[in-house]
$ cat run.txt   # compact mmCIF, C-alpha atoms
# COMPACT_ATOMS: atom_id res chain seq x y z
CA MET A 1315 0.00 0.00 0.00
CA SER A 1316 1.53 3.29 -1.12
CA LEU A 1317 0.84 6.58 -2.86
CA SER A 1318 2.82 7.25 -6.00
CA ILE A 1319 2.97 10.88 -7.15
CA PRO A 1320 5.18 12.70 -9.68
CA ALA A 1321 7.48 15.20 -7.99
CA ALA A 1322 6.00 18.04 -10.08
CA LEU A 1323 2.51 17.30 -8.73
CA LEU A 1324 3.79 16.98 -5.18
CA ALA A 1325 5.42 20.39 -5.63
CA GLN A 1326 2.06 21.73 -6.79
CA VAL A 1327 0.35 20.27 -3.70
CA ARG A 1328 2.91 21.95 -1.47
CA ARG A 1329 2.60 25.31 -3.26
CA HIS A 1330 -1.19 25.11 -2.91
CA GLY A 1331 -0.76 24.69 0.85
CA GLU A 1332 1.64 27.61 0.99
CA GLN A 1333 -0.70 29.84 -1.00
CA ALA A 1334 -3.64 28.96 1.27
CA TYR A 1335 -1.62 29.69 4.43
CA PRO A 1336 -2.65 30.56 7.14
CA GLU A 1337 -5.78 28.73 6.04
CA GLU A 1338 -5.92 25.07 5.08
CA GLY A 1339 -5.82 24.33 1.36
CA ALA A 1340 -7.34 21.22 -0.19
CA GLY A 1341 -8.04 19.43 -3.42
CA LEU A 1342 -8.48 16.05 -5.02
CA MET A 1343 -5.97 13.67 -6.57
CA LEU A 1344 -6.93 11.80 -9.74
CA GLY A 1345 -5.21 8.77 -11.15
CA ALA A 1346 -5.46 5.02 -10.96
CA PHE A 1347 -5.82 2.26 -8.40
CA GLU A 1348 -3.09 -0.31 -8.93
CA GLY A 1349 -3.72 -3.15 -6.54
CA GLY A 1350 -3.29 -1.67 -3.09
CA ASN A 1351 -1.43 1.34 -4.45
CA ARG A 1352 -2.71 4.67 -5.76
CA ARG A 1353 -0.95 6.41 -8.65
CA VAL A 1354 -1.62 10.13 -8.96
CA THR A 1355 -1.58 11.63 -12.47
CA HIS A 1356 -3.73 14.77 -12.14
CA LEU A 1357 -4.60 17.27 -9.40
CA LEU A 1358 -7.76 19.28 -8.88
CA PRO A 1359 -7.00 22.12 -6.44
CA LEU A 1360 -10.29 23.27 -4.91
CA ASP A 1361 -11.63 26.05 -2.70
CA ASN A 1362 -11.93 25.55 1.05
CA HIS A 1363 -15.65 25.92 1.82
CA PHE A 1364 -15.40 25.61 5.59
CA GLN A 1365 -16.72 28.61 7.52
CA PRO A 1366 -14.12 31.38 7.20
CA ASP A 1367 -13.23 31.77 10.88
CA SER A 1368 -12.13 28.11 11.17
CA ARG A 1369 -10.30 27.64 7.89
CA ASN A 1370 -6.95 27.80 9.69
CA ARG A 1371 -7.76 24.37 11.14
CA ARG A 1372 -10.50 22.93 8.94
CA TYR A 1373 -11.19 22.34 5.26
CA LEU A 1374 -14.32 21.38 3.42
CA ILE A 1375 -14.67 20.25 -0.17
CA ALA A 1376 -18.25 20.96 -1.17
CA PRO A 1377 -20.44 18.14 -2.48
CA ARG A 1378 -20.93 19.96 -5.79
CA ASP A 1379 -17.14 20.08 -6.24
CA LEU A 1380 -16.88 16.33 -5.62
CA LEU A 1381 -19.70 15.70 -8.09
CA ARG A 1382 -17.92 17.77 -10.74
CA ALA A 1383 -14.64 16.05 -9.96
CA GLU A 1384 -16.21 12.60 -10.35
CA ASP A 1385 -17.56 13.62 -13.75
CA GLU A 1386 -14.19 15.10 -14.75
CA ALA A 1387 -12.37 11.94 -13.65
CA GLU A 1388 -14.77 9.82 -15.67
CA ARG A 1389 -14.24 12.06 -18.72
CA LEU A 1390 -10.47 11.56 -18.39
CA GLY A 1391 -10.79 7.82 -17.81
CA LEU A 1392 -9.37 8.24 -14.31
CA GLU A 1393 -10.47 7.69 -10.72
CA ILE A 1394 -10.41 9.96 -7.71
CA VAL A 1395 -7.69 8.29 -5.69
CA GLY A 1396 -7.38 10.71 -2.82
CA VAL A 1397 -7.54 14.06 -1.13
CA PHE A 1398 -4.74 16.49 -0.35
CA HIS A 1399 -4.86 19.16 2.30
CA SER A 1400 -2.54 21.26 4.40
CA HIS A 1401 -2.07 21.60 8.15
CA PRO A 1402 -0.92 25.17 8.84
CA ASP A 1403 1.58 25.14 11.73
CA HIS A 1404 0.63 21.56 12.59
CA PRO A 1405 2.29 18.22 11.82
CA ALA A 1406 1.41 16.28 8.67
CA GLN A 1407 -0.33 13.74 10.83
CA ALA A 1408 -3.95 12.66 10.50
CA SER A 1409 -5.95 14.18 13.36
CA ASP A 1410 -8.94 12.65 15.13
CA PHE A 1411 -11.10 15.03 13.11
CA ASP A 1412 -9.46 13.80 9.89
CA THR A 1413 -10.27 10.23 10.93
CA GLN A 1414 -13.89 10.95 11.83
CA TRP A 1415 -14.50 12.56 8.45
CA ALA A 1416 -12.35 10.26 6.33
CA LEU A 1417 -13.81 8.30 3.47
CA PRO A 1418 -12.70 4.78 2.68
CA VAL A 1419 -10.51 3.94 -0.30
CA TYR A 1420 -9.04 7.44 -0.68
CA SER A 1421 -5.47 8.34 0.24
CA TYR A 1422 -5.19 11.48 2.35
CA LEU A 1423 -2.00 13.42 1.59
CA ILE A 1424 -1.33 15.96 4.35
CA THR A 1425 1.27 18.72 4.11
CA GLN A 1426 2.58 20.56 7.13
CA VAL A 1427 2.94 24.25 6.26
CA GLN A 1428 5.08 25.93 8.89
CA THR A 1429 4.94 29.74 8.98
CA GLY A 1430 4.00 29.73 5.31
CA GLU A 1431 6.48 27.14 4.08
CA ALA A 1432 5.66 23.52 3.22
CA VAL A 1433 7.97 21.29 5.21
CA GLU A 1434 6.63 17.73 5.13
CA SER A 1435 4.00 15.71 3.26
CA ARG A 1436 2.73 12.36 4.52
CA SER A 1437 -0.06 10.10 3.28
CA TRP A 1438 -2.72 8.29 5.31
CA ARG A 1439 -5.51 5.85 4.68
CA LEU A 1440 -8.58 4.97 6.74
CA THR A 1441 -8.74 1.42 8.05
CA GLU A 1442 -11.76 -0.63 6.99
CA ASP A 1443 -13.21 -0.53 10.51
CA ARG A 1444 -12.91 3.29 10.49
CA GLY A 1445 -10.83 3.03 13.65
CA ALA A 1446 -7.64 4.75 12.53
CA MET A 1447 -5.69 6.35 9.74
CA LEU A 1448 -2.61 4.33 8.80
CA GLU A 1449 0.39 5.95 7.21
CA GLU A 1450 1.43 4.74 3.77
CA PRO A 1451 4.72 5.40 1.98
CA VAL A 1452 4.80 8.23 -0.57
CA GLN A 1453 6.74 7.25 -3.68
CA ILE A 1454 7.91 10.29 -5.62
CA THR A 1455 8.40 9.68 -9.33
CA ASN A 1456 10.02 11.65 -12.19
CA PRO A 1457 12.38 13.76 -10.08
CA SER A 1458 13.90 15.40 -13.15
CA VAL A 1459 10.50 16.86 -14.12
CA ALA A 1460 10.16 18.22 -10.59
CA GLU A 1461 13.46 20.03 -10.80
CA GLU A 1462 12.14 21.90 -13.82
CA ALA A 1463 8.81 22.64 -12.15
CA VAL A 1464 10.32 23.93 -8.90
CA MET B 525 -37.29 1.03 -7.35
CA THR B 526 -35.28 4.19 -6.98
CA ALA B 527 -31.93 4.77 -8.65
CA VAL B 528 -29.17 5.94 -6.29
CA ARG B 529 -25.92 7.50 -7.43
CA VAL B 530 -23.11 5.97 -5.37
CA PRO B 531 -20.12 8.23 -4.62
CA SER B 532 -16.75 7.03 -5.89
CA PRO B 533 -15.30 6.04 -2.47
CA LEU B 534 -18.21 3.67 -1.87
CA ARG B 535 -18.22 2.06 -5.31
CA PRO B 536 -15.77 -0.68 -4.33
CA TYR B 537 -18.53 -1.87 -1.97
CA THR B 538 -21.21 -1.90 -4.69
CA GLY B 539 -19.18 -4.00 -7.10
CA GLY B 540 -17.96 -0.86 -8.85
CA ALA B 541 -21.47 0.29 -9.72
CA LYS B 542 -21.94 4.04 -10.01
CA GLU B 543 -25.68 3.66 -9.72
CA VAL B 544 -27.76 1.00 -8.02
CA ASP B 545 -31.48 0.43 -7.53
CA VAL B 546 -33.03 0.36 -4.08
CA THR B 547 -36.55 0.05 -2.76
CA GLY B 548 -38.27 2.04 -0.06
CA ALA B 549 -41.09 4.51 0.38
CA THR B 550 -38.83 7.01 2.12
CA VAL B 551 -35.21 8.06 1.85
CA GLY B 552 -34.44 6.41 5.20
CA VAL B 553 -35.91 3.07 4.17
CA ALA B 554 -34.17 3.26 0.80
CA LEU B 555 -30.81 3.90 2.50
CA GLN B 556 -31.39 0.94 4.82
CA ASP B 557 -32.17 -1.17 1.75
CA LEU B 558 -28.91 -0.01 0.17
CA ALA B 559 -26.99 -0.99 3.31
CA GLN B 560 -28.73 -4.37 3.36
CA ARG B 561 -27.89 -5.09 -0.27
CA TYR B 562 -24.29 -3.91 0.15
CA PRO B 563 -23.41 -4.53 3.83
CA ASP B 564 -19.92 -3.01 3.66
CA VAL B 565 -21.49 0.35 2.80
CA ARG B 566 -23.28 0.53 6.14
CA ARG B 567 -20.44 1.59 8.41
CA HIS B 568 -19.53 4.43 6.07
CA LEU B 569 -23.10 5.74 5.83
CA PHE B 570 -24.27 5.28 9.41
CA ASP B 571 -22.56 5.75 12.76
CA GLU B 572 -22.67 3.28 15.65
CA ALA B 573 -26.01 4.73 16.81
CA GLY B 574 -27.52 4.23 13.37
CA ALA B 575 -27.59 7.92 12.44
CA LEU B 576 -26.37 9.14 9.07
CA ARG B 577 -22.74 10.24 9.40
CA ALA B 578 -22.17 13.97 9.30
CA TYR B 579 -20.38 13.88 5.96
CA VAL B 580 -23.20 12.07 4.18
CA ASN B 581 -25.33 14.33 2.01
CA VAL B 582 -28.34 12.82 0.32
CA PHE B 583 -30.10 14.55 -2.53
CA VAL B 584 -33.46 13.72 -4.07
CA ASN B 585 -33.78 15.22 -7.52
CA ASP B 586 -31.02 17.74 -6.69
CA ASP B 587 -32.60 18.79 -3.37
CA ASP B 588 -30.66 18.15 -0.16
CA ILE B 589 -32.93 16.08 2.10
CA ARG B 590 -32.08 18.49 4.95
CA THR B 591 -34.23 21.03 3.09
CA LEU B 592 -36.99 18.43 2.66
CA GLU B 593 -38.16 16.01 5.33
CA GLY B 594 -34.79 14.42 6.02
CA GLU B 595 -34.85 10.64 6.04
CA ALA B 596 -38.67 10.80 6.16
CA THR B 597 -38.71 12.37 2.69
CA LEU B 598 -41.12 10.40 0.53
CA LEU B 599 -39.84 8.84 -2.68
CA HIS B 600 -41.90 8.76 -5.86
CA PRO B 601 -41.44 6.36 -8.76
CA ALA B 602 -39.39 8.68 -11.00
CA ASP B 603 -37.25 10.14 -8.21
CA ARG B 604 -33.49 9.85 -8.33
CA MET B 605 -31.27 9.87 -5.24
CA MET B 606 -27.65 10.91 -4.99
CA ILE B 607 -25.28 10.28 -2.10
CA ILE B 608 -22.49 12.83 -2.17
CA PRO B 609 -20.16 13.09 0.81
CA SER B 610 -18.68 16.31 2.07
CA ILE B 611 -14.93 15.88 2.23
CA ALA B 612 -13.55 17.54 5.32
CA GLY B 613 -10.83 17.36 7.90
CA GLY B 614 -8.19 19.45 9.48
CA ASN B 615 -5.81 19.70 12.35
CA ALA B 616 -6.79 20.02 15.96
CA GLY B 617 -5.00 21.23 19.02
CA GLU B 618 -2.30 23.75 19.63
CA ALA B 619 -0.31 25.13 16.75
CA ILE B 620 3.44 24.53 16.54
CA ARG B 621 5.20 27.91 16.76

$ encode --input "run.txt" --output "structure tokens"
Amino acid sequence: MSLSIPAALLAQVRRHGEQAYPEEGAGLMLGAFEGGNRRVTHLLPLDNHFQPDSRNRRYLIAPRDLLRAEDEAERLGLEIVGVFHSHPDHPAQASDFDTQWALPVYSYLITQVQTGEAVESRSWRLTEDRGAMLEEPVQITNPSVAEEAV
Amino acid sequence: MTAVRVPSPLRPYTGGAKEVDVTGATVGVALQDLAQRYPDVRRHLFDEAGALRAYVNVFVNDDDIRTLEGEATLLHPADRMMIIPSIAGGNAGEAIR
């Protein structure tokens, strides 16, 4: 079980978190399920629809955005494989709130953004019994492309 | 029968189906029928007390059931249901400074 993501897309995830700072930024990851692994090939950065005064510690992707994303994924012949979001000034660790609201199947890629700078990204997945989020390795692919993008 | 759109994270539990048919005179009964037909869906739709989880949004013909009669909303033959979760999360506790 792992999350595979091109370095250029991971850089985009991290920039999105930095741009949203001090609020949380979020979006969806599209790609393919490959056995127990998820391979990310496209990103859909989205607006944080949580109430404004709590966006520094909460994010919300609106149902209409998920509906559009599902249609977009289908159009591209892809699947929604996960969610990315940032934790401003907090570790890239799944919180109890993350666990309570987590959906099965998806990978949850969390980026710690410390005083405006992305410092660490870690990926988590909900257990089938909904009891916990387990960390999965993040495999970064195409590093040469990332060097150009960054 | 009422057609229900299944959100992508629950499709592995409905054999990959994006849409399934359920029976029930109300939204609540139809959701219970869905959970009975596809038992692994249940824990992701309902909490331990049997209430719909907070992230579960149910629409009947594009109307959120919270603006209708909730799970008591009556279903008519041509109605279409959609289950679309809110995706949310976030950190909790003291910030690292």

$ interface_residues --input "run.txt" --of "chain B" --to "chain A" --cutoff "12 Å" --atoms "only C-alpha atoms" --output "ChimeraX atom specification"
/B:529-537,540,542,564-572,577-583,586-588,606-621

$ residues_around --input "run.txt" --residues "Leu558 (chain B)" --least-positions-apart "5" --cutoff "9 Å" --atoms "only C-alpha atoms" --output "CSV table (one decimal) with C-alpha atoms, keeping the file's coordinate frame"
chain,number,residue,atom,x,y,z
B,528,VAL,CA,-29.2,5.9,-6.3
B,544,VAL,CA,-27.8,1.0,-8.0
B,545,ASP,CA,-31.5,0.4,-7.5
B,546,VAL,CA,-33.0,0.4,-4.1
B,547,THR,CA,-36.6,0.0,-2.8
B,553,VAL,CA,-35.9,3.1,4.2
B,563,PRO,CA,-23.4,-4.5,3.8
B,565,VAL,CA,-21.5,0.4,2.8
B,566,ARG,CA,-23.3,0.5,6.1

$ atom_distance --input "run.txt" --atom1 "CA of Ala554 (chain B)" --atom2 "CA of Arg590 (chain B)"
15.9 Å

$ atom_distance --input "run.txt" --atom1 "CA of His1356 (chain A)" --atom2 "CA of Ala541 (chain B)"
23.0 Å

$ atom_distance --input "run.txt" --atom1 "CA of Asp1367 (chain A)" --atom2 "CA of Glu1332 (chain A)"
18.3 Å

$ axis_aligned_box --input "run.txt" --around "region 1340-1353 of chain A" --padding-each-side "4 Å" --output "lines of an AutoDock Vina configuration file"
center_x = -4.7
center_y = 9.0
center_z = -5.7
size_x = 15.5
size_y = 32.4
size_z = 19.0

$ closest_residue --input "run.txt" --among "A:Ala1325, A:Gly1391, A:Gly1345, A:Asp1385" --to "Ser1421 (chain A)" --atoms "all atoms listed in the file"
A:Gly1345

$ residues_near_point --input "run.txt" --point "(-39.3, 5.0, 3.2)" --cutoff "8 Å" --atoms "all atoms listed in the file" --output "PyMOL selection string"
chain B and resi 548-554+595-599

$ closest_residue --input "run.txt" --among "A:Pro1359, A:Gly1430, A:Gly1445, A:Pro1366" --to "Gln1326 (chain A)" --atoms "all atoms listed in the file"
A:Pro1359

$ closest_residue --input "run.txt" --among "B:Thr526, B:Gln560, B:Ala573, B:Gly539" --to "Asn585 (chain B)" --atoms "only C-alpha atoms"
B:Thr526

$ residues_around --input "run.txt" --residues "Leu1392 (chain A)" --least-positions-apart "2" --cutoff "8 Å" --atoms "only C-alpha atoms" --output "list in words"
Leu1344, Gly1345, Ala1346, Ala1387, Glu1388, Arg1389, Leu1390 and Ile1394 of chain A

$ build_atoms --input "run.txt" --residues "region 1352-1388 of chain A" --atoms "N, CA and C atoms" --output "PDB file, keeping the file's coordinate frame"
ATOM      1  N   ARG A1352      -2.025   3.627  -5.000  1.00  0.00           N
ATOM      2  CA  ARG A1352      -2.710   4.670  -5.760  1.00  0.00           C
ATOM      3  C   ARG A1352      -1.651   5.452  -6.521  1.00  0.00           C
ATOM      4  N   ARG A1353      -1.895   5.649  -7.827  1.00  0.00           N
ATOM      5  CA  ARG A1353      -0.950   6.410  -8.650  1.00  0.00           C
ATOM      6  C   ARG A1353      -1.621   7.713  -9.074  1.00  0.00           C
ATOM      7  N   VAL A1354      -1.044   8.822  -8.672  1.00  0.00           N
ATOM      8  CA  VAL A1354      -1.620  10.130  -8.960  1.00  0.00           C
ATOM      9  C   VAL A1354      -1.092  10.630 -10.310  1.00  0.00           C
ATOM     10  N   THR A1355      -2.010  11.076 -11.172  1.00  0.00           N
ATOM     11  CA  THR A1355      -1.580  11.630 -12.470  1.00  0.00           C
ATOM     12  C   THR A1355      -2.114  13.044 -12.702  1.00  0.00           C
ATOM     13  N   HIS A1356      -3.149  13.430 -11.974  1.00  0.00           N
ATOM     14  CA  HIS A1356      -3.730  14.770 -12.140  1.00  0.00           C
ATOM     15  C   HIS A1356      -4.140  15.302 -10.760  1.00  0.00           C
ATOM     16  N   LEU A1357      -4.125  16.625 -10.627  1.00  0.00           N
ATOM     17  CA  LEU A1357      -4.600  17.270  -9.400  1.00  0.00           C
ATOM     18  C   LEU A1357      -5.769  18.188  -9.718  1.00  0.00           C
ATOM     19  N   LEU A1358      -6.684  18.290  -8.784  1.00  0.00           N
ATOM     20  CA  LEU A1358      -7.760  19.280  -8.880  1.00  0.00           C
ATOM     21  C   LEU A1358      -7.729  20.128  -7.606  1.00  0.00           C
ATOM     22  N   PRO A1359      -6.977  21.232  -7.613  1.00  0.00           N
ATOM     23  CA  PRO A1359      -7.000  22.120  -6.440  1.00  0.00           C
ATOM     24  C   PRO A1359      -8.393  22.733  -6.314  1.00  0.00           C
ATOM     25  N   LEU A1360      -8.918  22.793  -5.097  1.00  0.00           N
ATOM     26  CA  LEU A1360     -10.290  23.270  -4.910  1.00  0.00           C
ATOM     27  C   LEU A1360     -10.338  24.315  -3.793  1.00  0.00           C
ATOM     28  N   ASP A1361     -11.446  25.056  -3.750  1.00  0.00           N
ATOM     29  CA  ASP A1361     -11.630  26.050  -2.700  1.00  0.00           C
ATOM     30  C   ASP A1361     -11.977  25.365  -1.382  1.00  0.00           C
ATOM     31  N   ASN A1362     -11.573  26.005  -0.295  1.00  0.00           N
ATOM     32  CA  ASN A1362     -11.930  25.550   1.050  1.00  0.00           C
ATOM     33  C   ASN A1362     -13.270  26.197   1.411  1.00  0.00           C
ATOM     34  N   HIS A1363     -14.310  25.391   1.545  1.00  0.00           N
ATOM     35  CA  HIS A1363     -15.650  25.920   1.820  1.00  0.00           C
ATOM     36  C   HIS A1363     -16.031  25.889   3.289  1.00  0.00           C
ATOM     37  N   PHE A1364     -15.062  25.574   4.163  1.00  0.00           N
ATOM     38  CA  PHE A1364     -15.400  25.610   5.590  1.00  0.00           C
ATOM     39  C   PHE A1364     -15.695  27.055   5.985  1.00  0.00           C
ATOM     40  N   GLN A1365     -16.398  27.239   7.108  1.00  0.00           N
ATOM     41  CA  GLN A1365     -16.720  28.610   7.520  1.00  0.00           C
ATOM     42  C   GLN A1365     -15.422  29.385   7.742  1.00  0.00           C
ATOM     43  N   PRO A1366     -15.379  30.646   7.284  1.00  0.00           N
ATOM     44  CA  PRO A1366     -14.120  31.380   7.200  1.00  0.00           C
ATOM     45  C   PRO A1366     -13.327  31.436   8.507  1.00  0.00           C
ATOM     46  N   ASP A1367     -13.995  31.575   9.651  1.00  0.00           N
ATOM     47  CA  ASP A1367     -13.230  31.770  10.880  1.00  0.00           C
ATOM     48  C   ASP A1367     -12.544  30.498  11.376  1.00  0.00           C
ATOM     49  N   SER A1368     -12.789  29.361  10.743  1.00  0.00           N
ATOM     50  CA  SER A1368     -12.130  28.110  11.170  1.00  0.00           C
ATOM     51  C   SER A1368     -11.265  27.504  10.075  1.00  0.00           C
ATOM     52  N   ARG A1369     -11.059  28.234   8.992  1.00  0.00           N
ATOM     53  CA  ARG A1369     -10.300  27.640   7.890  1.00  0.00           C
ATOM     54  C   ARG A1369      -8.812  27.469   8.205  1.00  0.00           C
ATOM     55  N   ASN A1370      -8.349  28.038   9.301  1.00  0.00           N
ATOM     56  CA  ASN A1370      -6.950  27.800   9.690  1.00  0.00           C
ATOM     57  C   ASN A1370      -6.769  26.400  10.259  1.00  0.00           C
ATOM     58  N   ARG A1371      -7.878  25.731  10.583  1.00  0.00           N
ATOM     59  CA  ARG A1371      -7.760  24.370  11.140  1.00  0.00           C
ATOM     60  C   ARG A1371      -8.759  23.390  10.567  1.00  0.00           C
ATOM     61  N   ARG A1372      -9.520  23.814   9.563  1.00  0.00           N
ATOM     62  CA  ARG A1372     -10.500  22.930   8.940  1.00  0.00           C
ATOM     63  C   ARG A1372     -10.560  23.192   7.435  1.00  0.00           C
ATOM     64  N   TYR A1373     -10.900  22.135   6.689  1.00  0.00           N
ATOM     65  CA  TYR A1373     -11.190  22.340   5.260  1.00  0.00           C
ATOM     66  C   TYR A1373     -12.471  21.593   4.926  1.00  0.00           C
ATOM     67  N   LEU A1374     -13.102  22.049   3.897  1.00  0.00           N
ATOM     68  CA  LEU A1374     -14.320  21.380   3.420  1.00  0.00           C
ATOM     69  C   LEU A1374     -14.347  21.466   1.895  1.00  0.00           C
ATOM     70  N   ILE A1375     -14.444  20.310   1.269  1.00  0.00           N
ATOM     71  CA  ILE A1375     -14.670  20.250  -0.170  1.00  0.00           C
ATOM     72  C   ILE A1375     -16.164  20.035  -0.363  1.00  0.00           C
ATOM     73  N   ALA A1376     -16.794  20.973  -1.054  1.00  0.00           N
ATOM     74  CA  ALA A1376     -18.250  20.960  -1.170  1.00  0.00           C
ATOM     75  C   ALA A1376     -18.725  19.783  -2.014  1.00  0.00           C
ATOM     76  N   PRO A1377     -19.912  19.269  -1.699  1.00  0.00           N
ATOM     77  CA  PRO A1377     -20.440  18.140  -2.480  1.00  0.00           C
ATOM     78  C   PRO A1377     -20.495  18.422  -3.983  1.00  0.00           C
ATOM     79  N   ARG A1378     -20.847  19.666  -4.349  1.00  0.00           N
ATOM     80  CA  ARG A1378     -20.930  19.960  -5.790  1.00  0.00           C
ATOM     81  C   ARG A1378     -19.555  19.852  -6.447  1.00  0.00           C
ATOM     82  N   ASP A1379     -18.491  20.196  -5.693  1.00  0.00           N
ATOM     83  CA  ASP A1379     -17.140  20.080  -6.240  1.00  0.00           C
ATOM     84  C   ASP A1379     -16.759  18.615  -6.425  1.00  0.00           C
ATOM     85  N   LEU A1380     -17.166  17.765  -5.473  1.00  0.00           N
ATOM     86  CA  LEU A1380     -16.880  16.330  -5.620  1.00  0.00           C
ATOM     87  C   LEU A1380     -17.635  15.762  -6.812  1.00  0.00           C
ATOM     88  N   LEU A1381     -18.888  16.188  -6.963  1.00  0.00           N
ATOM     89  CA  LEU A1381     -19.700  15.700  -8.090  1.00  0.00           C
ATOM     90  C   LEU A1381     -19.038  16.063  -9.419  1.00  0.00           C
ATOM     91  N   ARG A1382     -18.601  17.331  -9.516  1.00  0.00           N
ATOM     92  CA  ARG A1382     -17.920  17.770 -10.740  1.00  0.00           C
ATOM     93  C   ARG A1382     -16.628  16.985 -10.951  1.00  0.00           C
ATOM     94  N   ALA A1383     -15.911  16.766  -9.863  1.00  0.00           N
ATOM     95  CA  ALA A1383     -14.640  16.050  -9.960  1.00  0.00           C
ATOM     96  C   ALA A1383     -14.858  14.611 -10.417  1.00  0.00           C
ATOM     97  N   GLU A1384     -15.924  13.978  -9.931  1.00  0.00           N
ATOM     98  CA  GLU A1384     -16.210  12.600 -10.350  1.00  0.00           C
ATOM     99  C   GLU A1384     -16.505  12.568 -11.849  1.00  0.00           C
ATOM    100  N   ASP A1385     -17.251  13.568 -12.321  1.00  0.00           N
ATOM    101  CA  ASP A1385     -17.560  13.620 -13.750  1.00  0.00           C
ATOM    102  C   ASP A1385     -16.292  13.888 -14.575  1.00  0.00           C
ATOM    103  N   GLU A1386     -15.443  14.771 -14.052  1.00  0.00           N
ATOM    104  CA  GLU A1386     -14.190  15.100 -14.750  1.00  0.00           C
ATOM    105  C   GLU A1386     -13.278  13.863 -14.808  1.00  0.00           C
ATOM    106  N   ALA A1387     -13.195  13.150 -13.682  1.00  0.00           N
ATOM    107  CA  ALA A1387     -12.370  11.940 -13.650  1.00  0.00           C
ATOM    108  C   ALA A1387     -12.878  10.929 -14.677  1.00  0.00           C
ATOM    109  N   GLU A1388     -14.192  10.782 -14.730  1.00  0.00           N
ATOM    110  CA  GLU A1388     -14.770   9.820 -15.670  1.00  0.00           C
ATOM    111  C   GLU A1388     -14.455  10.234 -17.115  1.00  0.00           C
TER     112      GLU A1388
END
